[in-house]
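Undergrad: Dropping the structure in here first, questions after.
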Amino acid sequence: MLLSRTLLKRHSVLPGFDLALGFTLLYLCFIVLIPLSAAFLKTFTMTWPAFWEAVASPRVVASYRLTFGASFAAALMNAFFGLIVAWVLVRYDFFGKRVIDALVDLPFALPTAVAGIALTALYAANGWIGQYLALVGIKVSYTPLGVFVALTFIGLPFVVRTLQPVLEDLQSELEEAAATLGATRWQTFTRVLLPIMLPALLTGFALAFARALGEYGSVIFIAGNMPMVSEITPLLIITKLEQYDYTGATAIAVVLLVVSFLMLLAINLIQAWARKRQGG
């Protein structure tokens, strides 16, 4: 064992561990830690009453309600339909499969502003889709529902691309063994397959939720940006920056950052528990 470790260290393609770790930490400090620390340090210059007034005013709370609510709902929607899309792409062969697989990545490649304009045009009262929804009294553009639609659009690839490798690694013998033991298709899915996919599904959900919290470009066009109605928190941060209220903007940004971090931490803990349970 010692000899193998020595040979691996001597003939490794990558630089030595110390050098590679140093570059990794340096890169993370400049790209992630220092910018985030600057936001916290700027917020620490505020007194507690000023901080609370900045992050808990009625207008800000209304933006929280819309941003977190729409992000959570969109992530749930993507978790459900993303699982179906990933399942179809992995388990079935059909004409146009590669085209559909490429379309899943479209929200990644499409500029967010272009996505926002396109969604607004489609779901406006005179748009291709919106004109039919208007007949039954459903208005999408310039409403909180439009925010939900935009966040669902940008979050789907996170779930699909997280689940696909797991589904590809699932062996058909598991389903055959379950069927041999008398399990129905629903029992096979819920008791055999779903526990294996759950960590990846939670990861995709968390990534979609975190991405939706900070989304700006694709939302501002379709939201309408009405204070207390359809104003998202990232837009409120931009508004405060335009008003030179830097401390107020960083205070609201810190709230989003802390909530996102707690969300990712909770998901990681759930994943660790799920892996430990599967291993046991």
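The way I read the labels, and the way they are meant: chains A, B, ... in the order of the structure tokens, residue 1 as the first residue of every chain, and ligand 1 as the first ligand shown, with later ones counted on from there.
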Select from region 75-175 of chain A everything DSSP, run on the backbone, classes as alpha helix (DSSP H), then give the selection as a VMD selection string.
TA: chain A and resid 75 to 91 97 to 104 106 to 109 112 to 123 130 to 135 144 to 169 172 to 175
Undergrad: Excluding Gly217 (chain A) and its own-chain neighbours fewer than 3 positions away, which residues fall within 8 Å of it when counting only C-alpha atoms? Please give them as a list in words.
TA: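 My list of contacting residues is Thr112, Ala113, Gly116, Ile220 and Phe221 of chain A.
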Undergrad: Residues of region 152-254 of chain A within 10 Å of region 31-53 of chain A: nearest atom pair and distance (Å, one decimal) for each, counting only C-alpha atoms, sorted by chain and number, as a Markdown table?
TA:
| residue | atom | partner | partner_atom | distance |
| --- | --- | --- | --- | --- |
| A:Tyr246 | CA | A:Lys42 | CA | 8.2 |
| A:Thr247 | CA | A:Thr43 | CA | 5.9 |
| A:Gly248 | CA | A:Phe51 | CA | 7.4 |
| A:Ala249 | CA | A:Thr43 | CA | 9.0 |
| A:Thr250 | CA | A:Ala39 | CA | 5.6 |
| A:Ala251 | CA | A:Thr43 | CA | 5.5 |
| A:Ile252 | CA | A:Phe51 | CA | 8.9 |
| A:Ala253 | CA | A:Ala39 | CA | 7.6 |
| A:Val254 | CA | A:Phe40 | CA | 6.6 |
Undergrad: How far is it from CA of Thr233 (chain A) to CA of Ala124 (chain A), in Å with one decimal?
TA: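 For CA of Thr233 (chain A) relative to CA of Ala124 (chain A), the distance reads 22.9 Å.
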Undergrad: Taking only C-alpha atoms into account, name the residue in A:Asn225, A:Ile232, A:Gly96, A:Trp87 that is nearest to Phe189 (chain A).
TA: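 With only C-alpha atoms as the atom set, the closest residue is A:Trp87.
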Undergrad: Any idea what's packed within 12 Å of Leu89 (chain A), counting only C-alpha atoms, ignoring anything in its chain fewer than 2 positions away? Could you give it as a VMD selection string?
TA: chain A and resid 82 to 87 91 to 104 160 to 161 163 to 165 167 to 168
Undergrad: When you look at Val229 (chain A) with a cut-off of 10 Å (counting only C-alpha atoms), what residues show up, excluding the ones that are within fewer than 5 positions of it in the same chain? I need them as a PyMOL selection string.
TA: chain A and resi 59+62-63+65-66+142-144+223-224
Undergrad: Restricting the output to all heavy atoms, write the selected residues as a JSON list (two decimals), in the first residue's frame.
TA:
[["chain", "number", "residue", "atom", "x", "y", "z"],
["A", 59, "ARG", "N", -41.77, 46.59, 1.93],
["A", 59, "ARG", "CA", -41.47, 46.36, 0.51],
["A", 59, "ARG", "C", -40.46, 45.23, 0.33],
["A", 59, "ARG", "O", -40.61, 44.39, -0.56],
["A", 59, "ARG", "CB", -40.94, 47.65, -0.11],
["A", 59, "ARG", "CG", -40.63, 47.55, -1.60],
["A", 59, "ARG", "CD", -40.15, 48.88, -2.14],
["A", 59, "ARG", "NE", -39.81, 48.79, -3.55],
["A", 59, "ARG", "CZ", -39.33, 49.81, -4.26],
["A", 59, "ARG", "NH1", -39.17, 51.00, -3.68],
["A", 59, "ARG", "NH2", -39.02, 49.65, -5.53],
["A", 62, "ALA", "N", -42.09, 41.86, 1.10],
["A", 62, "ALA", "CA", -42.92, 41.43, -0.02],
["A", 62, "ALA", "C", -42.08, 40.83, -1.14],
["A", 62, "ALA", "O", -42.47, 39.84, -1.78],
["A", 62, "ALA", "CB", -43.74, 42.61, -0.55],
["A", 63, "SER", "N", -40.90, 41.41, -1.37],
["A", 63, "SER", "CA", -40.01, 40.85, -2.40],
["A", 63, "SER", "C", -39.46, 39.50, -1.96],
["A", 63, "SER", "O", -39.30, 38.59, -2.79],
["A", 63, "SER", "CB", -38.86, 41.82, -2.69],
["A", 63, "SER", "OG", -37.94, 41.86, -1.62],
["A", 65, "ARG", "N", -41.06, 37.38, -0.09],
["A", 65, "ARG", "CA", -42.18, 36.44, -0.21],
["A", 65, "ARG", "C", -42.31, 35.94, -1.66],
["A", 65, "ARG", "O", -42.50, 34.75, -1.91],
["A", 65, "ARG", "CB", -43.47, 37.11, 0.25],
["A", 65, "ARG", "CG", -44.65, 36.15, 0.40],
["A", 65, "ARG", "CD", -45.89, 36.89, 0.86],
["A", 65, "ARG", "NE", -45.67, 37.55, 2.14],
["A", 65, "ARG", "CZ", -45.65, 38.86, 2.31],
["A", 65, "ARG", "NH1", -45.83, 39.67, 1.28],
["A", 65, "ARG", "NH2", -45.45, 39.38, 3.51],
["A", 66, "LEU", "N", -42.18, 36.87, -2.60],
["A", 66, "LEU", "CA", -42.30, 36.48, -4.00],
["A", 66, "LEU", "C", -41.08, 35.68, -4.46],
["A", 66, "LEU", "O", -41.22, 34.63, -5.11],
["A", 66, "LEU", "CB", -42.45, 37.72, -4.87],
["A", 66, "LEU", "CG", -42.45, 37.48, -6.39],
["A", 66, "LEU", "CD1", -43.61, 36.58, -6.79],
["A", 66, "LEU", "CD2", -42.50, 38.81, -7.14],
["A", 142, "TYR", "N", -46.29, 40.08, -16.46],
["A", 142, "TYR", "CA", -46.43, 41.20, -15.53],
["A", 142, "TYR", "C", -47.20, 40.82, -14.27],
["A", 142, "TYR", "O", -47.87, 41.65, -13.68],
["A", 142, "TYR", "CB", -47.09, 42.40, -16.23],
["A", 142, "TYR", "CG", -46.55, 42.65, -17.61],
["A", 142, "TYR", "CD1", -47.38, 42.60, -18.73],
["A", 142, "TYR", "CD2", -45.20, 42.91, -17.80],
["A", 142, "TYR", "CE1", -46.88, 42.81, -20.00],
["A", 142, "TYR", "CE2", -44.69, 43.12, -19.08],
["A", 142, "TYR", "CZ", -45.53, 43.07, -20.17],
["A", 142, "TYR", "OH", -45.03, 43.27, -21.42],
["A", 143, "THR", "N", -47.09, 39.55, -13.89],
["A", 143, "THR", "CA", -47.72, 39.07, -12.66],
["A", 143, "THR", "C", -46.73, 38.14, -11.94],
["A", 143, "THR", "O", -45.73, 37.70, -12.53],
["A", 143, "THR", "CB", -49.01, 38.29, -12.95],
["A", 143, "THR", "OG1", -48.68, 37.09, -13.68],
["A", 143, "THR", "CG2", -49.98, 39.13, -13.76],
["A", 144, "PRO", "N", -46.99, 37.81, -10.67],
["A", 144, "PRO", "CA", -46.13, 36.81, -10.00],
["A", 144, "PRO", "C", -46.09, 35.47, -10.71],
["A", 144, "PRO", "O", -45.09, 34.76, -10.62],
["A", 144, "PRO", "CB", -46.79, 36.70, -8.61],
["A", 144, "PRO", "CG", -47.43, 38.03, -8.39],
["A", 144, "PRO", "CD", -47.93, 38.45, -9.74],
["A", 223, "ALA", "N", -41.93, 40.10, -15.14],
["A", 223, "ALA", "CA", -42.50, 40.29, -13.80],
["A", 223, "ALA", "C", -43.41, 41.51, -13.71],
["A", 223, "ALA", "O", -44.40, 41.51, -12.99],
["A", 223, "ALA", "CB", -41.39, 40.40, -12.77],
["A", 224, "GLY", "N", -43.08, 42.56, -14.43],
["A", 224, "GLY", "CA", -43.83, 43.80, -14.28],
["A", 224, "GLY", "C", -43.23, 44.72, -13.24],
["A", 224, "GLY", "O", -43.41, 45.94, -13.29]]
Undergrad: For CA of Ala272 (chain A) and CA of Thr152 (chain A), quote the distance in Å rounded to one decimal.
TA: 26.9 Å
Undergrad: Using only C-alpha atoms, find the one residue out of A:Ile222, A:Ala20, A:Leu193, A:Val61 that sits nearest to Leu256 (chain A).
TA: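 Nearest candidate to Leu256 (chain A) out of A:Ile222, A:Ala20, A:Leu193, A:Val61: A:Val61.
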Undergrad: Looking at only C-alpha atoms, which of A:Leu26, A:Val149, A:Leu19, A:Leu156 is the one that sits closest to Pro107 (chain A)?
TA: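 Closest candidate: A:Leu156.
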Undergrad: Excluding same-chain residues fewer than 5 positions from Phe209 (chain A), what lies within 7 Å of it counting only C-alpha atoms, as an MDAnalysis selection string?
TA: chainID A and resid 71:72 75
Undergrad: Skip Lys139 (chain A) itself and residues of its chain fewer than 3 positions away, then list as a list in words all residues within 9 Å of it, counting only C-alpha atoms.
TA: Tyr123, Ala124, Ala125, Gly130, Leu133, Ala134, Tyr142, Thr143, Leu145 and Gly146 of chain A
Undergrad: Considering only C-alpha atoms, can you say which of A:Ile270, A:Val219, A:Val88, A:Ala56 comes closest to Val255 (chain A)?
TA: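 Closest candidate: A:Ala56.
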Undergrad: For each of A:Val147, A:Pro195, A:Phe81, A:Leu76, take the minimum atom-to-atom distance to Glu231 (chain A), counting only C-alpha atoms, then give the residue where this is smallest.
TA: A:Val147
Undergrad: Measuring atom to atom with only C-alpha atoms, identify which of A:Leu213, A:Thr203, A:Val192, A:Trp186 is nearest to Leu174 (chain A).
TA: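 Of the candidates, the smallest distance to Leu174 (chain A) is held by A:Val192.
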